[in-house]
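In what follows, a single structure is set out as structure tokens and then discussed.
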Amino acid sequence: MRNFTESARPPRTVFLEWPMGHPLGEPGNVAQQMRVIRDALSALVEIKEPGTIIDLPYRWGRQEDISAFECACDGDE
Amino acid sequence: MGRLKNKLFAKILTRLPALGTALFDKKGNAIEGLSLETIPWTPVTKPLSESTIALVTTAGIHLKSQTPFDMHDSMGDPTFRELPLDTPPGELTITHDYYDHADADKDINVVYPVDRMRELVEAGEIGSLVPVNFGFMGHIDGHYVKRLIEQTGPEVADRLKAMGADAVLLTPG
């Protein structure tokens, strides 16, 4: 869904390839939410070129979502 | 029936982000009717610890006492809702059929990190928060894109400026 961000052209962006509805991460995971916010606030200061998108390196780790993804992919084959 | 179909599709997209990428990321411009030639830019002139920050979310958040976003118009709903900072926990809710907000229903900070921002103020990492944040519903299509850009978006921007916001953290659904 990165294309939506590219089309809307916000001045500064941090992007995560996480499931829709989870821009800050998992419910109740305060440390994870805080990490994303701090990265976004850092980007406010660090980004000097309008339209820059920083891809954050964090991978989605919740096992139940990964399992659902793998099951669905298996079913497609 | 239309709402049920939208909710089911949203659940599938949430569990299969690769499907969303395949469906939407192949287009040259993901948002029909949107052609922006310039990128808005306001330089940062003060440290975060002295800055006033606002939250604007497109996750469909509103107060239970407010009119929910319109889920029956397939073009979406370009209006916004005021989200006062002092809203009691449990008074916020989500009306948005186009993403699966089951996790956000459990913890609103997943899409609207108001508690985390308060903690950053208490820790002195950011200066303050505006007294009223704003909620939109992110599924905007057709002629509502123009209305969002020319009317409701600028209205919220003006109100944030009037409240002294130095920067805005935008969060999607």
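Every chain in the structure tokens has a letter given in the order shown (A, B, ...), and although residue numbers restart at 1 in each chain, ligands are simply numbered from 1 in the order shown.
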
For chain A against chain B, with a cut-off of 10 Å and counting only C-alpha atoms, what is the closest atom pair and its distance in Å to one decimal for every residue that makes the cut, ordered by chain and number, as CSV?
```
residue,atom,partner,partner_atom,distance
A:Met1,CA,B:Thr21,CA,5.3
A:Arg2,CA,B:Asp25,CA,7.0
A:Asn3,CA,B:Asp25,CA,5.3
A:Phe4,CA,B:Ala30,CA,5.2
A:Thr5,CA,B:Ala30,CA,8.6
A:Glu6,CA,B:Asn29,CA,8.1
A:Ser7,CA,B:Asn29,CA,5.8
A:Ala8,CA,B:Leu36,CA,7.5
A:Arg9,CA,B:Ile39,CA,6.0
A:Pro10,CA,B:Ile39,CA,6.6
A:Pro11,CA,B:Trp41,CA,5.9
A:Arg12,CA,B:Trp41,CA,8.8
A:Thr13,CA,B:Leu170,CA,9.1
A:Glu17,CA,B:Pro17,CA,7.9
A:Trp18,CA,B:Pro17,CA,7.3
A:Pro19,CA,B:Thr14,CA,5.0
A:Met20,CA,B:Thr14,CA,5.0
A:Gly21,CA,B:Gly173,CA,4.5
A:His22,CA,B:Val110,CA,5.6
A:Pro23,CA,B:Val111,CA,6.0
A:Leu24,CA,B:Val110,CA,4.8
A:Gly25,CA,B:Val110,CA,5.8
A:Glu26,CA,B:Val110,CA,6.4
A:Pro27,CA,B:Asp107,CA,5.0
A:Gly28,CA,B:Asp107,CA,6.3
A:Asn29,CA,B:Val110,CA,8.8
A:Val30,CA,B:Arg116,CA,7.6
A:Ala31,CA,B:Arg116,CA,9.6
A:Gln32,CA,B:Val110,CA,9.9
A:Gln33,CA,B:Val110,CA,7.2
A:Met34,CA,B:Arg116,CA,6.5
A:Ile37,CA,B:Arg116,CA,8.1
A:Arg38,CA,B:Leu120,CA,9.2
A:Ala40,CA,B:Leu169,CA,7.9
A:Leu41,CA,B:Leu48,CA,7.9
A:Ser42,CA,B:Leu48,CA,9.0
A:Leu44,CA,B:Val44,CA,7.5
A:Val45,CA,B:Val44,CA,6.6
A:Glu46,CA,B:Val44,CA,9.6
A:Ile47,CA,B:Pro43,CA,9.9
A:Lys48,CA,B:Pro43,CA,8.4
A:Glu49,CA,B:Trp41,CA,9.1
A:Pro50,CA,B:Ile39,CA,6.3
A:Gly51,CA,B:Ile39,CA,6.5
A:Glu64,CA,B:Arg15,CA,9.6
A:Asp65,CA,B:Arg15,CA,6.2
A:Ile66,CA,B:Arg15,CA,8.3
A:Ser67,CA,B:Arg15,CA,9.6
A:Ala68,CA,B:Arg15,CA,6.8
A:Phe69,CA,B:Leu16,CA,5.8
A:Glu70,CA,B:Leu16,CA,9.3
A:Ala72,CA,B:Leu16,CA,8.2
A:Cys73,CA,B:Leu16,CA,9.1
```

Where does DSSP see strand (DSSP E or B) in stretch 90-142 of chain B, if you list the residues as a CSV table (one decimal) with N, CA, C and O atoms, in the first residue's frame?
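Output contents, as saved in part_39.csv:
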```csv
chain,number,residue,atom,x,y,z
B,92,LEU,N,-14.2,6.8,23.0
B,92,LEU,CA,-13.8,6.8,21.6
B,92,LEU,C,-14.3,5.5,21.0
B,92,LEU,O,-14.2,4.4,21.6
B,93,THR,N,-14.7,5.6,19.7
B,93,THR,CA,-15.0,4.4,19.0
B,93,THR,C,-14.6,4.5,17.5
B,93,THR,O,-14.1,5.6,17.1
B,94,ILE,N,-14.7,3.5,16.8
B,94,ILE,CA,-14.3,3.5,15.4
B,94,ILE,C,-15.5,3.1,14.4
B,94,ILE,O,-16.1,2.0,14.7
B,128,SER,N,4.2,19.8,24.2
B,128,SER,CA,2.8,19.7,24.6
B,128,SER,C,2.0,19.1,23.4
B,128,SER,O,2.5,18.9,22.3
B,129,LEU,N,0.7,18.9,23.7
B,129,LEU,CA,-0.3,18.4,22.7
B,129,LEU,C,-1.4,19.5,22.6
B,129,LEU,O,-1.7,20.2,23.5
B,132,VAL,N,-7.3,19.7,21.1
B,132,VAL,CA,-8.3,18.9,20.3
B,132,VAL,C,-7.6,18.4,19.1
B,132,VAL,O,-7.0,19.1,18.3
B,133,ASN,N,-7.6,17.0,18.9
B,133,ASN,CA,-7.1,16.4,17.7
B,133,ASN,C,-8.3,16.1,16.8
B,133,ASN,O,-9.4,16.4,17.1
B,134,PHE,N,-8.0,15.5,15.6
B,134,PHE,CA,-9.0,15.4,14.6
B,134,PHE,C,-9.0,14.0,14.0
B,134,PHE,O,-8.0,13.4,13.7
B,135,GLY,N,-10.3,13.5,13.8
B,135,GLY,CA,-10.4,12.2,13.1
B,135,GLY,C,-11.1,12.3,11.8
B,135,GLY,O,-12.2,12.9,11.7
B,136,PHE,N,-10.5,11.6,10.8
B,136,PHE,CA,-11.2,11.5,9.5
B,136,PHE,C,-11.4,10.0,9.2
B,136,PHE,O,-10.9,9.1,9.9
B,137,MET,N,-12.1,9.7,8.2
B,137,MET,CA,-12.4,8.3,7.7
B,137,MET,C,-11.6,8.2,6.4
B,137,MET,O,-11.9,8.9,5.4
B,140,ILE,N,-11.8,7.7,1.1
B,140,ILE,CA,-12.3,8.9,0.4
B,140,ILE,C,-12.1,8.6,-1.1
B,140,ILE,O,-11.0,8.3,-1.6
```

**OP:** Pick out the residues sitting within 7 Å of A:Leu56, and hand them over as a list in words; count only C-alpha atoms, and ignore anything fewer than 6 positions along from it in its own chain.
**Re:**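 Near neighbours after the sequence-gap exclusion: Val14, Phe15 and Leu16 of chain A.
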
**OP:** Step one, run DSSP on the backbone; step two, keep only residues of stretch 1-71 of chain A assigned to helix (DSSP H, G or I); then write them as JSON, numbers by chain.
**Re:** {"A": [2, 3, 4, 5, 6, 7, 8, 30, 31, 32, 33, 34, 35, 36, 37, 38, 39, 40, 41, 42, 43, 44, 45, 46, 63, 64, 65, 66, 67, 68, 69, 70, 71]}

May I have the selected residues written with C-alpha atoms, as a compact mmCIF listing (two decimals), in the first residue's frame?
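That gives us part_9.txt:
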```
# COMPACT_ATOMS: atom_id res chain seq x y z
CA ARG A 2 3.06 2.26 -0.18
CA ASN A 3 1.64 3.62 -3.41
CA PHE A 4 -1.14 5.44 -1.54
CA THR A 5 1.45 7.35 0.46
CA GLU A 6 3.42 8.17 -2.66
CA SER A 7 0.24 9.54 -4.31
CA ALA A 8 -0.81 11.66 -1.33
CA VAL A 30 3.63 -0.14 24.47
CA ALA A 31 7.32 -0.53 23.65
CA GLN A 32 6.57 -1.25 19.99
CA GLN A 33 4.15 1.68 19.69
CA MET A 34 6.66 4.01 21.35
CA ARG A 35 9.45 2.91 19.02
CA VAL A 36 7.40 3.77 15.92
CA ILE A 37 6.36 7.15 17.33
CA ARG A 38 9.94 8.04 18.27
CA ASP A 39 11.08 7.09 14.76
CA ALA A 40 8.34 9.28 13.28
CA LEU A 41 9.29 12.21 15.51
CA SER A 42 12.96 11.74 14.61
CA ALA A 43 11.99 11.82 10.94
CA LEU A 44 10.34 15.19 11.51
CA VAL A 45 13.76 16.61 12.28
CA GLU A 46 15.95 14.42 10.07
CA GLN A 63 2.85 -15.43 14.89
CA GLU A 64 -0.91 -15.83 14.45
CA ASP A 65 -0.87 -13.37 11.56
CA ILE A 66 2.15 -15.02 9.94
CA SER A 67 0.46 -18.44 10.25
CA ALA A 68 -2.73 -17.13 8.66
CA PHE A 69 -0.67 -15.68 5.81
CA GLU A 70 1.18 -18.98 5.24
CA CYS A 71 -2.03 -21.04 5.38
```

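Between atom CA of B:Val130 and atom CA of B:Glu155 the interatomic distance comes to 15.6 Å.
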
Subject >> Close residues, B:Asp166 itself excluded, 8 Å, only C-alpha atoms, min 2 positions apart in chain, as a PyMOL selection string >> reply: chain B and resi 51-54+161+164+168

**OP:** Would you work out the distance separating atom CA of B:Arg3 from atom CA of B:Glu91, expressed in Å to one decimal?
**Re:** 23.6 Å

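Between B:Leu85 and the candidates B:Leu148, B:Val56, B:Ala123, B:Val156, the tightest atom-to-atom separation, counting only C-alpha atoms, involves B:Val56.
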